[in-house]
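Participant: Contents of data_4.csv (CSV, C-alpha atoms and all ligand atoms) are given next:
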```
chain,number,residue,atom,x,y,z
A,273,MET,CA,-50.4,-33.6,-43.1
A,274,THR,CA,-50.1,-37.3,-43.7
A,275,ARG,CA,-50.6,-39.3,-40.5
A,276,TYR,CA,-47.9,-41.8,-39.7
A,277,VAL,CA,-47.1,-44.1,-36.9
A,278,ASP,CA,-43.9,-42.7,-35.4
A,279,LEU,CA,-41.7,-45.6,-34.1
A,280,ARG,CA,-38.4,-43.8,-34.7
A,281,SER,CA,-37.6,-43.3,-31.0
A,282,ASP,CA,-39.1,-42.8,-27.5
A,283,THR,CA,-37.5,-39.3,-27.6
A,284,VAL,CA,-40.5,-38.1,-29.8
A,285,THR,CA,-42.8,-38.2,-26.8
A,286,GLN,CA,-44.7,-35.1,-25.7
A,287,PRO,CA,-45.0,-33.7,-22.2
A,288,THR,CA,-48.4,-34.6,-20.5
A,289,SER,CA,-50.9,-31.9,-19.5
A,290,GLU,CA,-50.0,-32.5,-15.8
A,291,MET,CA,-46.3,-31.8,-16.8
A,292,ARG,CA,-47.3,-28.6,-18.6
A,293,GLU,CA,-49.3,-27.4,-15.6
A,294,ALA,CA,-46.4,-28.2,-13.2
A,295,MET,CA,-44.0,-26.4,-15.5
A,296,ALA,CA,-46.2,-23.3,-15.5
A,297,ASN,CA,-46.4,-23.3,-11.7
A,298,ALA,CA,-42.8,-24.4,-10.8
A,299,GLU,CA,-41.0,-22.5,-8.1
A,300,VAL,CA,-37.6,-21.6,-9.6
A,301,GLY,CA,-34.3,-20.0,-8.7
A,302,ASP,CA,-30.8,-19.7,-10.0
A,303,ASP,CA,-29.4,-23.2,-10.1
A,304,GLY,CA,-25.9,-21.8,-10.6
A,305,PHE,CA,-26.2,-20.7,-7.0
A,306,GLY,CA,-27.9,-24.0,-6.0
A,307,GLU,CA,-31.1,-22.0,-5.4
A,308,ASP,CA,-33.7,-23.7,-7.6
A,309,PRO,CA,-36.0,-25.6,-5.2
A,310,THR,CA,-37.6,-27.7,-7.9
A,311,ILE,CA,-34.3,-28.9,-9.3
A,312,ARG,CA,-33.2,-29.8,-5.8
A,313,ALA,CA,-36.4,-31.7,-5.2
A,314,LEU,CA,-35.8,-33.6,-8.5
A,315,GLU,CA,-32.2,-34.4,-7.6
A,316,GLU,CA,-33.1,-35.6,-4.1
A,317,LYS,CA,-35.9,-37.7,-5.5
A,318,PHE,CA,-33.7,-39.4,-8.1
A,319,ALA,CA,-30.8,-39.9,-5.7
A,320,ALA,CA,-33.2,-41.7,-3.3
A,321,LEU,CA,-34.7,-43.8,-6.1
A,322,VAL,CA,-31.3,-45.1,-7.2
A,323,GLY,CA,-29.9,-45.3,-3.7
A,324,LYS,CA,-27.0,-42.8,-4.1
A,325,ASP,CA,-25.9,-39.9,-2.0
A,326,GLU,CA,-26.6,-37.1,-4.5
A,327,ALA,CA,-27.8,-36.4,-8.0
A,328,LEU,CA,-27.3,-33.8,-10.6
A,329,PHE,CA,-29.8,-32.5,-13.2
A,330,VAL,CA,-28.3,-32.1,-16.6
A,331,PRO,CA,-29.7,-31.1,-20.0
A,332,SER,CA,-29.2,-34.4,-21.8
A,333,GLY,CA,-28.3,-38.1,-21.5
A,334,VAL,CA,-25.1,-37.5,-23.5
A,335,MET,CA,-24.0,-34.9,-21.0
A,336,ALA,CA,-24.7,-37.2,-18.1
A,337,ASN,CA,-22.5,-39.9,-19.7
A,338,GLN,CA,-19.8,-37.4,-20.5
A,339,ILE,CA,-19.7,-36.0,-17.0
A,340,ALA,CA,-19.4,-39.5,-15.6
A,341,VAL,CA,-16.5,-40.2,-17.9
A,342,ARG,CA,-14.8,-36.9,-16.9
A,343,VAL,CA,-15.1,-37.7,-13.1
A,344,LEU,CA,-14.1,-41.3,-13.3
A,345,THR,CA,-11.1,-41.1,-15.7
A,346,ARG,CA,-7.9,-39.3,-16.4
A,347,PRO,CA,-6.5,-38.5,-19.9
A,348,GLY,CA,-5.0,-41.6,-21.5
A,349,ASP,CA,-7.1,-44.0,-19.5
A,350,VAL,CA,-9.1,-46.8,-21.0
A,351,ILE,CA,-12.8,-47.5,-20.6
A,352,VAL,CA,-14.1,-51.0,-21.1
A,353,ALA,CA,-17.5,-50.9,-22.9
A,354,GLY,CA,-19.7,-52.8,-25.3
A,355,ARG,CA,-18.9,-52.0,-28.9
A,356,SER,CA,-22.4,-50.8,-29.7
A,357,GLN,CA,-23.2,-48.8,-26.6
A,358,HIS,CA,-24.3,-45.2,-26.8
A,359,VAL,CA,-21.3,-43.8,-25.1
A,360,VAL,CA,-19.1,-45.5,-27.7
A,361,SER,CA,-21.0,-45.3,-31.0
A,362,PHE,CA,-23.6,-42.5,-30.7
A,363,GLU,CA,-21.9,-39.6,-28.9
A,364,MET,CA,-19.8,-38.3,-31.8
A,365,GLY,CA,-16.5,-39.4,-30.2
A,366,ALA,CA,-17.3,-37.2,-27.2
A,367,SER,CA,-15.3,-39.2,-24.7
A,368,ALA,CA,-12.1,-38.9,-26.8
A,369,ARG,CA,-12.8,-35.2,-27.4
A,370,ASN,CA,-13.8,-34.2,-23.9
A,371,SER,CA,-11.8,-36.5,-21.7
A,372,SER,CA,-8.9,-37.8,-23.9
A,373,VAL,CA,-9.7,-41.4,-23.1
A,374,GLN,CA,-10.0,-44.5,-25.3
A,375,PHE,CA,-12.2,-47.5,-25.3
A,376,ALA,CA,-11.4,-51.2,-25.1
A,377,LEU,CA,-14.4,-52.6,-26.9
A,378,VAL,CA,-15.9,-56.0,-26.0
A,379,ASP,CA,-18.8,-57.9,-27.5
A,380,ASP,CA,-22.3,-56.7,-26.4
A,381,ALA,CA,-24.6,-58.4,-28.9
A,382,SER,CA,-26.6,-59.9,-26.1
A,383,GLY,CA,-26.9,-56.5,-24.3
A,384,GLU,CA,-24.5,-57.6,-21.5
A,385,LEU,CA,-20.7,-57.7,-21.2
A,386,ALA,CA,-19.1,-61.1,-20.4
A,387,LEU,CA,-17.2,-61.0,-17.2
A,388,GLU,CA,-14.2,-62.8,-18.8
A,389,ASP,CA,-14.0,-60.3,-21.7
A,390,VAL,CA,-13.9,-57.4,-19.2
A,391,MET,CA,-11.4,-59.0,-16.9
A,392,ASP,CA,-9.2,-59.9,-19.8
A,393,VAL,CA,-8.8,-56.2,-20.6
A,394,ILE,CA,-7.9,-55.5,-17.0
A,395,ASP,CA,-5.6,-58.5,-16.7
A,396,ALA,CA,-3.6,-57.1,-19.7
A,397,GLU,CA,-2.5,-54.2,-17.4
A,398,GLN,CA,0.1,-56.8,-16.2
A,399,ASP,CA,1.3,-57.1,-19.8
A,400,HIS,CA,2.3,-53.4,-20.0
A,401,GLN,CA,-1.1,-52.4,-21.4
A,402,VAL,CA,-3.0,-49.2,-20.5
A,403,HIS,CA,-4.7,-48.5,-17.2
A,404,VAL,CA,-8.5,-49.3,-17.2
A,405,ALA,CA,-10.2,-46.6,-15.2
A,406,MET,CA,-13.8,-47.8,-15.5
A,407,VAL,CA,-16.4,-50.0,-17.1
A,408,ALA,CA,-19.4,-48.6,-18.9
A,409,VAL,CA,-22.6,-50.6,-19.1
A,410,GLU,CA,-25.9,-49.7,-20.7
A,411,ASN,CA,-29.2,-50.8,-19.0
A,412,THR,CA,-31.4,-51.3,-20.8
A,413,HIS,CA,-29.0,-51.9,-23.7
A,414,MET,CA,-30.6,-50.1,-26.6
A,415,PRO,CA,-28.8,-51.6,-29.7
A,416,SER,CA,-29.5,-55.2,-28.7
A,417,GLY,CA,-33.3,-54.4,-28.5
A,418,GLY,CA,-33.7,-52.7,-25.1
A,419,THR,CA,-32.3,-55.6,-23.1
A,420,PRO,CA,-32.3,-55.3,-19.3
A,421,TRP,CA,-29.1,-56.6,-17.6
A,422,ASN,CA,-29.4,-59.5,-15.2
A,423,THR,CA,-28.6,-57.7,-12.0
A,424,ARG,CA,-26.9,-60.8,-10.5
A,425,HIS,CA,-24.5,-60.8,-13.4
A,426,LEU,CA,-23.8,-57.1,-12.8
A,427,VAL,CA,-23.2,-57.7,-9.1
A,428,SER,CA,-20.7,-60.4,-10.1
A,429,LEU,CA,-18.9,-58.0,-12.5
A,430,ALA,CA,-18.7,-55.3,-9.8
A,431,ARG,CA,-17.3,-57.9,-7.3
A,432,ALA,CA,-14.7,-59.0,-9.8
A,433,LEU,CA,-13.8,-55.3,-10.5
A,434,ASP,CA,-12.9,-55.0,-6.9
A,435,GLY,CA,-13.6,-51.3,-6.5
A,436,ARG,CA,-12.9,-50.2,-10.1
A,437,PRO,CA,-15.9,-48.1,-11.0
A,438,ILE,CA,-18.9,-49.0,-13.2
A,439,HIS,CA,-20.9,-46.2,-14.9
A,440,MET,CA,-24.4,-47.3,-15.8
A,441,ASP,CA,-26.0,-45.5,-18.8
A,442,GLY,CA,-29.5,-46.0,-17.6
A,443,ALA,CA,-31.1,-43.8,-20.2
A,444,ARG,CA,-33.9,-46.4,-19.9
A,445,LEU,CA,-33.3,-47.5,-16.3
A,446,PHE,CA,-37.0,-47.4,-15.5
A,447,ASN,CA,-37.8,-49.6,-18.4
A,448,ALA,CA,-35.3,-52.1,-16.9
A,449,ALA,CA,-37.0,-51.7,-13.5
A,450,VAL,CA,-40.5,-52.3,-14.9
A,451,ALA,CA,-39.4,-55.3,-17.1
A,452,THR,CA,-37.5,-57.0,-14.3
A,453,GLY,CA,-39.8,-56.1,-11.4
A,454,GLU,CA,-36.7,-54.9,-9.5
A,455,GLN,CA,-36.3,-51.6,-7.7
A,456,PRO,CA,-34.1,-49.0,-9.5
A,457,ARG,CA,-31.9,-48.8,-6.4
A,458,ASP,CA,-31.2,-52.6,-6.6
A,459,ILE,CA,-30.4,-52.4,-10.3
A,460,ALA,CA,-28.1,-49.4,-9.7
A,461,ALA,CA,-26.4,-50.8,-6.6
A,462,PRO,CA,-23.4,-52.3,-8.4
A,463,ALA,CA,-22.8,-49.1,-10.3
A,464,THR,CA,-20.6,-46.2,-9.0
A,465,THR,CA,-22.5,-43.7,-11.0
A,466,VAL,CA,-25.9,-44.1,-12.8
A,467,MET,CA,-27.8,-41.8,-15.1
A,468,ALA,CA,-31.4,-41.9,-16.4
A,469,CYS,CA,-33.2,-39.9,-19.0
A,470,LEU,CA,-36.5,-38.2,-18.2
A,471,SER,CA,-37.1,-37.2,-21.8
A,472,LYS,CA,-37.6,-40.6,-23.4
A,473,GLY,CA,-40.3,-43.1,-22.3
A,474,LEU,CA,-41.1,-40.9,-19.3
A,475,CYS,CA,-42.2,-38.0,-21.6
A,476,ALA,CA,-40.6,-35.0,-19.9
A,477,PRO,CA,-39.5,-32.5,-22.5
A,478,VAL,CA,-35.8,-32.1,-21.5
A,479,GLY,CA,-33.4,-33.5,-19.0
A,480,SER,CA,-31.4,-36.4,-17.5
A,481,VAL,CA,-30.2,-37.1,-14.0
A,482,LEU,CA,-26.8,-38.4,-12.9
A,483,ALA,CA,-26.2,-39.8,-9.4
A,484,GLY,CA,-23.3,-41.1,-7.3
A,485,SER,CA,-21.4,-40.4,-4.1
A,486,GLN,CA,-21.2,-36.9,-2.6
A,487,SER,CA,-17.6,-36.4,-3.6
A,488,LEU,CA,-18.2,-37.6,-7.2
A,489,MET,CA,-21.3,-35.4,-7.6
A,490,SER,CA,-19.3,-32.3,-6.3
A,491,ALA,CA,-16.8,-33.1,-9.0
A,492,ALA,CA,-19.6,-33.6,-11.5
A,493,ARG,CA,-21.0,-30.2,-10.7
A,494,VAL,CA,-17.7,-28.6,-11.8
A,495,GLU,CA,-17.6,-30.7,-15.0
A,496,ARG,CA,-21.2,-29.8,-15.8
A,497,LYS,CA,-20.2,-26.1,-15.6
A,498,ARG,CA,-17.1,-26.8,-17.8
A,499,LEU,CA,-19.4,-28.4,-20.4
A,500,GLY,CA,-21.8,-25.5,-20.3
A,501,GLY,CA,-24.5,-27.5,-18.8
A,502,THR,CA,-25.3,-25.4,-15.7
A,503,MET,CA,-28.7,-24.0,-16.2
A,504,ARG,CA,-30.5,-21.2,-14.3
A,505,GLN,CA,-34.2,-21.2,-13.7
A,506,ALA,CA,-34.5,-24.7,-15.1
A,507,GLY,CA,-36.9,-25.7,-12.4
A,508,VAL,CA,-39.5,-25.3,-15.1
A,509,LEU,CA,-37.9,-28.4,-16.7
A,510,ALA,CA,-37.3,-30.2,-13.4
A,511,ALA,CA,-41.0,-29.8,-12.6
A,512,ALA,CA,-41.9,-32.0,-15.6
A,513,GLY,CA,-39.2,-34.4,-14.5
A,514,LEU,CA,-40.8,-34.8,-11.1
A,515,VAL,CA,-44.2,-35.5,-12.7
A,516,ALA,CA,-42.4,-38.0,-15.0
A,517,LEU,CA,-41.0,-39.9,-12.0
A,518,ASP,CA,-44.3,-39.7,-10.1
A,519,THR,CA,-46.7,-40.7,-12.9
A,520,MET,CA,-45.0,-42.2,-15.9
A,521,VAL,CA,-42.9,-45.1,-14.7
A,522,GLN,CA,-45.5,-47.8,-14.4
A,523,ARG,CA,-47.1,-47.1,-17.7
A,524,LEU,CA,-43.8,-48.2,-19.4
A,525,GLY,CA,-45.3,-51.7,-19.1
A,526,ASP,CA,-47.8,-50.7,-21.8
A,527,ASP,CA,-45.0,-49.8,-24.1
A,528,HIS,CA,-43.3,-53.1,-23.5
A,529,ALA,CA,-46.5,-55.1,-24.2
A,530,ARG,CA,-46.9,-53.1,-27.5
A,531,ALA,CA,-43.3,-53.6,-28.4
A,532,ARG,CA,-43.7,-57.4,-27.9
A,533,ARG,CA,-46.8,-57.4,-30.2
A,534,LEU,CA,-44.7,-55.4,-32.8
A,535,ALA,CA,-41.8,-57.8,-32.4
A,536,ASP,CA,-44.2,-60.7,-33.3
A,537,MET,CA,-45.4,-58.8,-36.3
A,538,PHE,CA,-41.9,-58.1,-37.6
A,539,ALA,CA,-40.6,-61.6,-36.9
A,540,ALA,CA,-43.6,-62.9,-39.0
A,541,ALA,CA,-43.1,-60.4,-41.8
A,542,PHE,CA,-39.3,-60.9,-42.1
A,543,PRO,CA,-38.6,-64.6,-41.3
A,544,GLU,CA,-35.3,-64.4,-43.2
A,545,SER,CA,-34.0,-62.1,-40.4
A,546,ASP,CA,-34.2,-64.9,-37.9
A,547,TYR,CA,-35.4,-62.3,-35.4
A,548,ASP,CA,-36.6,-64.0,-32.2
A,549,PRO,CA,-39.4,-61.8,-30.8
A,550,THR,CA,-39.1,-63.3,-27.3
A,551,THR,CA,-35.8,-61.3,-27.0
A,552,CYS,CA,-38.0,-58.1,-27.0
A,553,ARG,CA,-38.4,-57.4,-23.3
A,554,THR,CA,-38.9,-53.7,-23.1
A,555,ASN,CA,-39.8,-51.0,-25.7
A,556,ILE,CA,-37.4,-51.6,-28.6
A,557,VAL,CA,-37.7,-53.9,-31.6
A,558,SER,CA,-34.3,-54.2,-33.4
A,559,PHE,CA,-32.9,-56.9,-35.7
A,560,ASN,CA,-30.5,-57.4,-38.5
A,561,HIS,CA,-31.6,-57.5,-42.1
A,562,PRO,CA,-29.5,-57.2,-45.3
A,563,GLN,CA,-32.0,-54.7,-46.7
A,564,ALA,CA,-32.4,-52.7,-43.5
A,565,ARG,CA,-32.3,-49.2,-45.0
A,566,GLN,CA,-34.7,-50.2,-47.8
A,567,ILE,CA,-37.2,-51.7,-45.4
A,568,VAL,CA,-37.1,-48.5,-43.3
A,569,HIS,CA,-37.5,-46.3,-46.4
A,570,GLU,CA,-40.4,-48.3,-47.8
A,571,LEU,CA,-42.3,-48.6,-44.5
A,572,SER,CA,-41.9,-44.9,-44.1
A,573,GLU,CA,-43.5,-44.3,-47.5
A,574,LEU,CA,-46.4,-46.4,-46.2
A,575,GLY,CA,-46.8,-44.4,-43.0
A,576,VAL,CA,-44.7,-46.4,-40.5
A,577,ARG,CA,-41.6,-44.6,-39.4
A,578,GLY,CA,-38.6,-46.4,-37.9
A,579,GLY,CA,-34.9,-46.1,-38.3
A,580,THR,CA,-31.6,-47.9,-38.7
A,581,ILE,CA,-28.9,-47.9,-36.0
A,582,ALA,CA,-26.2,-49.6,-38.1
A,583,PRO,CA,-25.9,-50.4,-41.8
A,584,ARG,CA,-28.0,-53.6,-41.6
A,585,ARG,CA,-29.9,-53.1,-38.3
A,586,VAL,CA,-33.4,-51.7,-38.1
A,587,ARG,CA,-35.0,-50.3,-34.9
A,588,PHE,CA,-38.6,-49.5,-34.0
A,589,VAL,CA,-39.5,-48.1,-30.6
A,590,THR,CA,-42.8,-47.9,-28.8
A,591,HIS,CA,-43.7,-45.0,-26.4
A,592,ALA,CA,-46.6,-43.1,-24.9
A,593,GLY,CA,-47.6,-41.7,-28.3
A,594,VAL,CA,-48.2,-45.2,-29.8
A,595,THR,CA,-51.6,-46.8,-29.4
A,596,ASP,CA,-53.1,-50.2,-30.1
A,597,ASP,CA,-54.9,-48.7,-33.1
A,598,ASP,CA,-51.5,-47.6,-34.4
A,599,LEU,CA,-50.3,-51.2,-34.1
A,600,ASP,CA,-53.3,-52.3,-36.1
A,601,VAL,CA,-52.1,-49.9,-38.8
A,602,VAL,CA,-48.6,-51.3,-38.7
A,603,GLU,CA,-50.0,-54.9,-38.9
A,604,GLU,CA,-51.9,-54.0,-42.0
A,605,VAL,CA,-48.9,-52.3,-43.6
A,606,LEU,CA,-46.7,-55.3,-42.8
A,607,THR,CA,-49.2,-57.7,-44.2
A,608,SER,CA,-49.1,-55.9,-47.5
A,609,PHE,CA,-45.4,-55.4,-47.3
A,610,ALA,CA,-44.3,-58.9,-46.6
A,611,PRO,CA,-44.9,-60.4,-50.1
A,612,MET,CA,-42.4,-57.8,-51.5
A,613,ASN,CA,-39.5,-59.8,-49.9
A,701,LIG,C1,-28.7,-45.6,-24.2
A,701,LIG,C2,-28.7,-44.2,-24.4
A,701,LIG,N1,-27.8,-43.4,-23.7
A,701,LIG,C3,-27.8,-42.1,-23.8
A,701,LIG,C4,-28.6,-41.4,-24.7
A,701,LIG,C5,-28.5,-39.9,-24.8
A,701,LIG,O1,-29.6,-39.2,-24.4
A,701,LIG,P1,-29.8,-37.7,-25.0
A,701,LIG,O2,-30.4,-37.9,-26.3
A,701,LIG,O3,-30.8,-37.1,-24.0
A,701,LIG,O4,-28.5,-37.0,-25.0
A,701,LIG,C6,-29.5,-42.1,-25.5
A,701,LIG,C7,-30.4,-41.4,-26.4
A,701,LIG,O5,-31.0,-41.9,-27.3
A,701,LIG,C8,-29.6,-43.5,-25.3
A,701,LIG,O6,-30.4,-44.3,-26.1
```
Let's see the structure in the file written out as structure tokens.
Ligand SMILES: Cc1ncc(COP(=O)(O)O)c(C=O)c1O

Facilitator:
Amino acid sequence: MTRYVDLRSDTVTQPTSEMREAMANAEVGDDGFGEDPTIRALEEKFAALVGKDEALFVPSGVMANQIAVRVLTRPGDVIVAGRSQHVVSFEMGASARNSSVQFALVDDASGELALEDVMDVIDAEQDHQVHVAMVAVENTHMPSGGTPWNTRHLVSLARALDGRPIHMDGARLFNAAVATGEQPRDIAAPATTVMACLSKGLCAPVGSVLAGSQSLMSAARVERKRLGGTMRQAGVLAAAGLVALDTMVQRLGDDHARARRLADMFAAAFPESDYDPTTCRTNIVSFNHPQARQIVHELSELGVRGGTIAPRRVRFVTHAGVTDDDLDVVEEVLTSFAPMN
């Protein structure tokens, strides 16, 4: 098999040996009856970490987002969100299909939503426009290059929303925490509901966790069932999630440092992209280039795999399976590749 450096996504990570051992020894029960002690332990741990009453273990990040949409909206409502966010662009129209809601899209090129843009949509309710049920934010914001939100900005937004809920897609919440040096509970405080994925940079094989108030999480349990997401002896999965939270958070800093090195390499190899490598603050290198698809294809032929997330936007992601030696390989490939531009 040809060896390649896999920078397609942090979802390609493998469970650690400690996770595999914890999975083999996990105490389990029927979670449909609330009887899986390992799932309960994971839910309690996550709820405490993000400072919410309760949490719910779900099979995927998409399901966590979709349950949040179900519990925070009614059919016909509007969600204000950034136009490139996962819940808008990468969930196959699930919010429309599952919850009969529509999005009011605002600019999110920087990774954040401008307060004025969000409040304009809400202000338009006075002009006979549709009810805004919630605001969805993504932290870190994947398409802009894994950008962490400025928590003070989010606090201002929550204050302006005056009780209207915010759902935080924190698929990479712990990347945001490591990059900013803030506690997950402080980052999540302005949000009504928050989810995080255990199966990306944290290397667990499966699972995400959604947290919020007791009443919202009771409603979320019903929606999880409706979406077919109630699992049974899934403590074998939650066991890996617990190891992920206990052992894999701090090491995300290594992924960030490697992504920054990668960002410098790409900025040097493709100066015409005007990519500013200092915008890379976590584990994602992403920039616009007119030949994005061709670049990804040709690099892949040379053993460096990445992807495109829009017609002219490339993305390369670091994770626990990427070493410094791998980056040396990428550097060599990019050096030979650059003159082709
Ligand atoms: C920002 C963001 N939200 C949600 C998800 C969905 O997670 P999952 O693939 O576990 O459904 C992803 C996955 O790539 C993501 O990047």

Participant: Sorted by chain and rising residue number, which residues of chain A lie within 6 Å of ligand LIG 701 (chain A), and what are their closest atom pairs and distances in Å to one decimal, counting all atoms listed in the file, as a tab-separated table?

Facilitator:
```
residue	atom	partner	partner_atom	distance
A:Ser332	CA	A:LIG701	O3	3.8
A:Gly333	CA	A:LIG701	O1	3.4
A:Val334	CA	A:LIG701	O4	3.7
A:His358	CA	A:LIG701	N1	5.0
A:Met414	CA	A:LIG701	C1	5.4
A:Asp441	CA	A:LIG701	N1	5.6
A:Ala443	CA	A:LIG701	N1	4.8
```

Participant: What is the CA of Val450 in chain A-CA of His591 in chain A distance in Å, reported with one decimal?

Facilitator: 14.0 Å

Participant: Using only C-alpha atoms, which residues of range 378-454 of chain A come within 7 Å of range 466-483 of chain A, and what is the closest atom pair for each, with the distance in Å to one decimal? Give it as a Markdown table, sorted by chain and residue number.

Facilitator:
```
| residue | atom | partner | partner_atom | distance |
| --- | --- | --- | --- | --- |
| A:His439 | CA | A:Val466 | CA | 5.8 |
| A:Met440 | CA | A:Val466 | CA | 4.6 |
| A:Asp441 | CA | A:Met467 | CA | 5.5 |
| A:Gly442 | CA | A:Ala468 | CA | 4.7 |
| A:Ala443 | CA | A:Ala468 | CA | 4.3 |
| A:Arg444 | CA | A:Ala468 | CA | 6.2 |
| A:Leu445 | CA | A:Ala468 | CA | 5.9 |
```

Participant: Set the distance at 12 Å and use only C-alpha atoms: which residues neighbour Asp600 in chain A once local chain neighbours fewer than 2 positions away are removed? I'd like the list as a list in words.

Facilitator: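 That gives Val277, Arg530, Arg533, Leu534, Met537, Val576, Val594, Thr595, Asp596, Asp597, Asp598, Val602, Glu603, Glu604, Val605, Leu606 and Thr607 of chain A.
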
Participant: Given all atoms listed in the file as the basis, pick out the residue of A:Asp548, A:Leu574, A:Arg585, A:Val300 nearest to His561 in chain A.

Facilitator: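 Checking each candidate against His561 in chain A, we get A:Arg585 as the closest.
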
Participant: Looking at A:Ser281, A:Val350, A:Val557, A:Pro415, which one is nearest to Phe362 in chain A, with distances taken over all atoms listed in the file?

Facilitator: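 Residue with the minimum atom-to-atom distance to Phe362 in chain A: A:Pro415.
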
Participant: Which residue gives the smallest distance to Ala535 in chain A among A:Thr502, A:Thr590, A:Thr580, A:Asn411, with all atoms listed in the file counted?

Facilitator: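 Closest to Ala535 in chain A, using all atoms listed in the file: A:Thr590.
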
Participant: Would you mind telling me which residue in A:Tyr276, A:Phe446, A:Phe305, A:Phe375 lies nearest to Val322 in chain A when using all atoms listed in the file?

Facilitator: A:Phe446

Participant: Can you pull out the residues contacting Ala294 in chain A? Cut-off 10 Å, using only C-alpha atoms, and skip same-chain residues under 6 positions away; I want them as a ChimeraX atom specification.

Facilitator: /A:288,507-515

Participant: Skipping near chain neighbours, those fewer than 3 positions away, what residues fall within 9 Å of Met335 in chain A using all atoms listed in the file, listed as an MDAnalysis selection string?

Facilitator: chainID A and resid 330:332 338:340 480 496 499 501

Participant: Generate the output file for the selected residues, C-alpha atoms, as a PDB file, in the frame of the given file.

Facilitator:
```
ATOM      1  CA  VAL A 330     -28.300 -32.100 -16.600  1.00  0.00           C
ATOM      2  CA  PRO A 331     -29.700 -31.100 -20.000  1.00  0.00           C
ATOM      3  CA  SER A 332     -29.200 -34.400 -21.800  1.00  0.00           C
ATOM      4  CA  GLN A 338     -19.800 -37.400 -20.500  1.00  0.00           C
ATOM      5  CA  ILE A 339     -19.700 -36.000 -17.000  1.00  0.00           C
ATOM      6  CA  ALA A 340     -19.400 -39.500 -15.600  1.00  0.00           C
ATOM      7  CA  SER A 480     -31.400 -36.400 -17.500  1.00  0.00           C
ATOM      8  CA  ARG A 496     -21.200 -29.800 -15.800  1.00  0.00           C
ATOM      9  CA  LEU A 499     -19.400 -28.400 -20.400  1.00  0.00           C
ATOM     10  CA  GLY A 501     -24.500 -27.500 -18.800  1.00  0.00           C
TER      11      GLY A 501
END
```

Participant: May I ask which of the residues A:Thr550, A:Gly417, A:Val393, A:Ala506 is the closest one to Ala298 in chain A, counting only C-alpha atoms?

Facilitator: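 So, comparing all the options, the nearest one is A:Ala506.
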
Participant: Which residue, A:Ala564, A:Phe538, A:Val409, A:Ala516, has the smallest gap to Leu314 in chain A when you use all atoms listed in the file?

Facilitator: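 Ranking A:Ala564, A:Phe538, A:Val409, A:Ala516 by distance to Leu314 in chain A, first place goes to A:Ala516.
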
Participant: So how many Å separate CA of Gly383 in chain A and CA of Gln286 in chain A, to one decimal?

Facilitator: 27.9 Å

Participant: Suppose you want the space between CA of Ala381 in chain A and CA of Gln398 in chain A; what is it in Å?

Facilitator: 27.8 Å

Participant: As a count of residues only, please: the residues near Arg523 in chain A (cut-off 9 Å, all atoms listed in the file, same-chain neighbours under 3 positions excluded).

Facilitator: 7

Participant: Every residue with an atom at most 10 Å from (-37.5, -60.0, -38.2) (file coordinates; all atoms listed in the file) is what I'm after, so could you write them as a ChimeraX atom specification?

Facilitator: /A:535-549,557-561,586

Participant: Could you pull the residues within 9 Å of Ala461 in chain A, counting only C-alpha atoms, minus those fewer than 2 positions along the same chain, as a ChimeraX atom specification?

Facilitator: /A:322-324,427,456-459,463-464

Participant: Missing atoms in range 409-418 of chain A: fill them in up to N, CA and C atoms and send the result as a JSON list (two decimals), in the frame of the given file.

Facilitator:
```json
[["chain", "number", "residue", "atom", "x", "y", "z"],
["A", 409, "VAL", "N", -21.55, -49.65, -18.69],
["A", 409, "VAL", "CA", -22.60, -50.60, -19.10],
["A", 409, "VAL", "C", -23.85, -49.78, -19.47],
["A", 410, "GLU", "N", -24.72, -50.40, -20.26],
["A", 410, "GLU", "CA", -25.90, -49.70, -20.70],
["A", 410, "GLU", "C", -27.15, -50.57, -20.31],
["A", 411, "ASN", "N", -28.07, -49.99, -19.53],
["A", 411, "ASN", "CA", -29.20, -50.80, -19.00],
["A", 411, "ASN", "C", -30.46, -49.90, -18.95],
["A", 412, "THR", "N", -31.45, -50.21, -19.83],
["A", 412, "THR", "CA", -31.40, -51.30, -20.80],
["A", 412, "THR", "C", -30.41, -50.96, -21.92],
["A", 413, "HIS", "N", -29.99, -52.02, -22.59],
["A", 413, "HIS", "CA", -29.00, -51.90, -23.70],
["A", 413, "HIS", "C", -29.80, -51.67, -24.97],
["A", 414, "MET", "N", -29.72, -50.45, -25.48],
["A", 414, "MET", "CA", -30.60, -50.10, -26.60],
["A", 414, "MET", "C", -30.30, -50.89, -27.87],
["A", 415, "PRO", "N", -29.03, -50.99, -28.38],
["A", 415, "PRO", "CA", -28.80, -51.60, -29.70],
["A", 415, "PRO", "C", -29.23, -53.07, -29.79],
["A", 416, "SER", "N", -29.17, -53.79, -28.68],
["A", 416, "SER", "CA", -29.50, -55.20, -28.70],
["A", 416, "SER", "C", -31.07, -55.37, -28.71],
["A", 417, "GLY", "N", -31.81, -54.27, -28.56],
["A", 417, "GLY", "CA", -33.30, -54.40, -28.50],
["A", 417, "GLY", "C", -33.81, -54.06, -27.12],
["A", 418, "GLY", "N", -33.17, -53.09, -26.43],
["A", 418, "GLY", "CA", -33.70, -52.70, -25.10],
["A", 418, "GLY", "C", -33.56, -53.75, -24.06]]
```
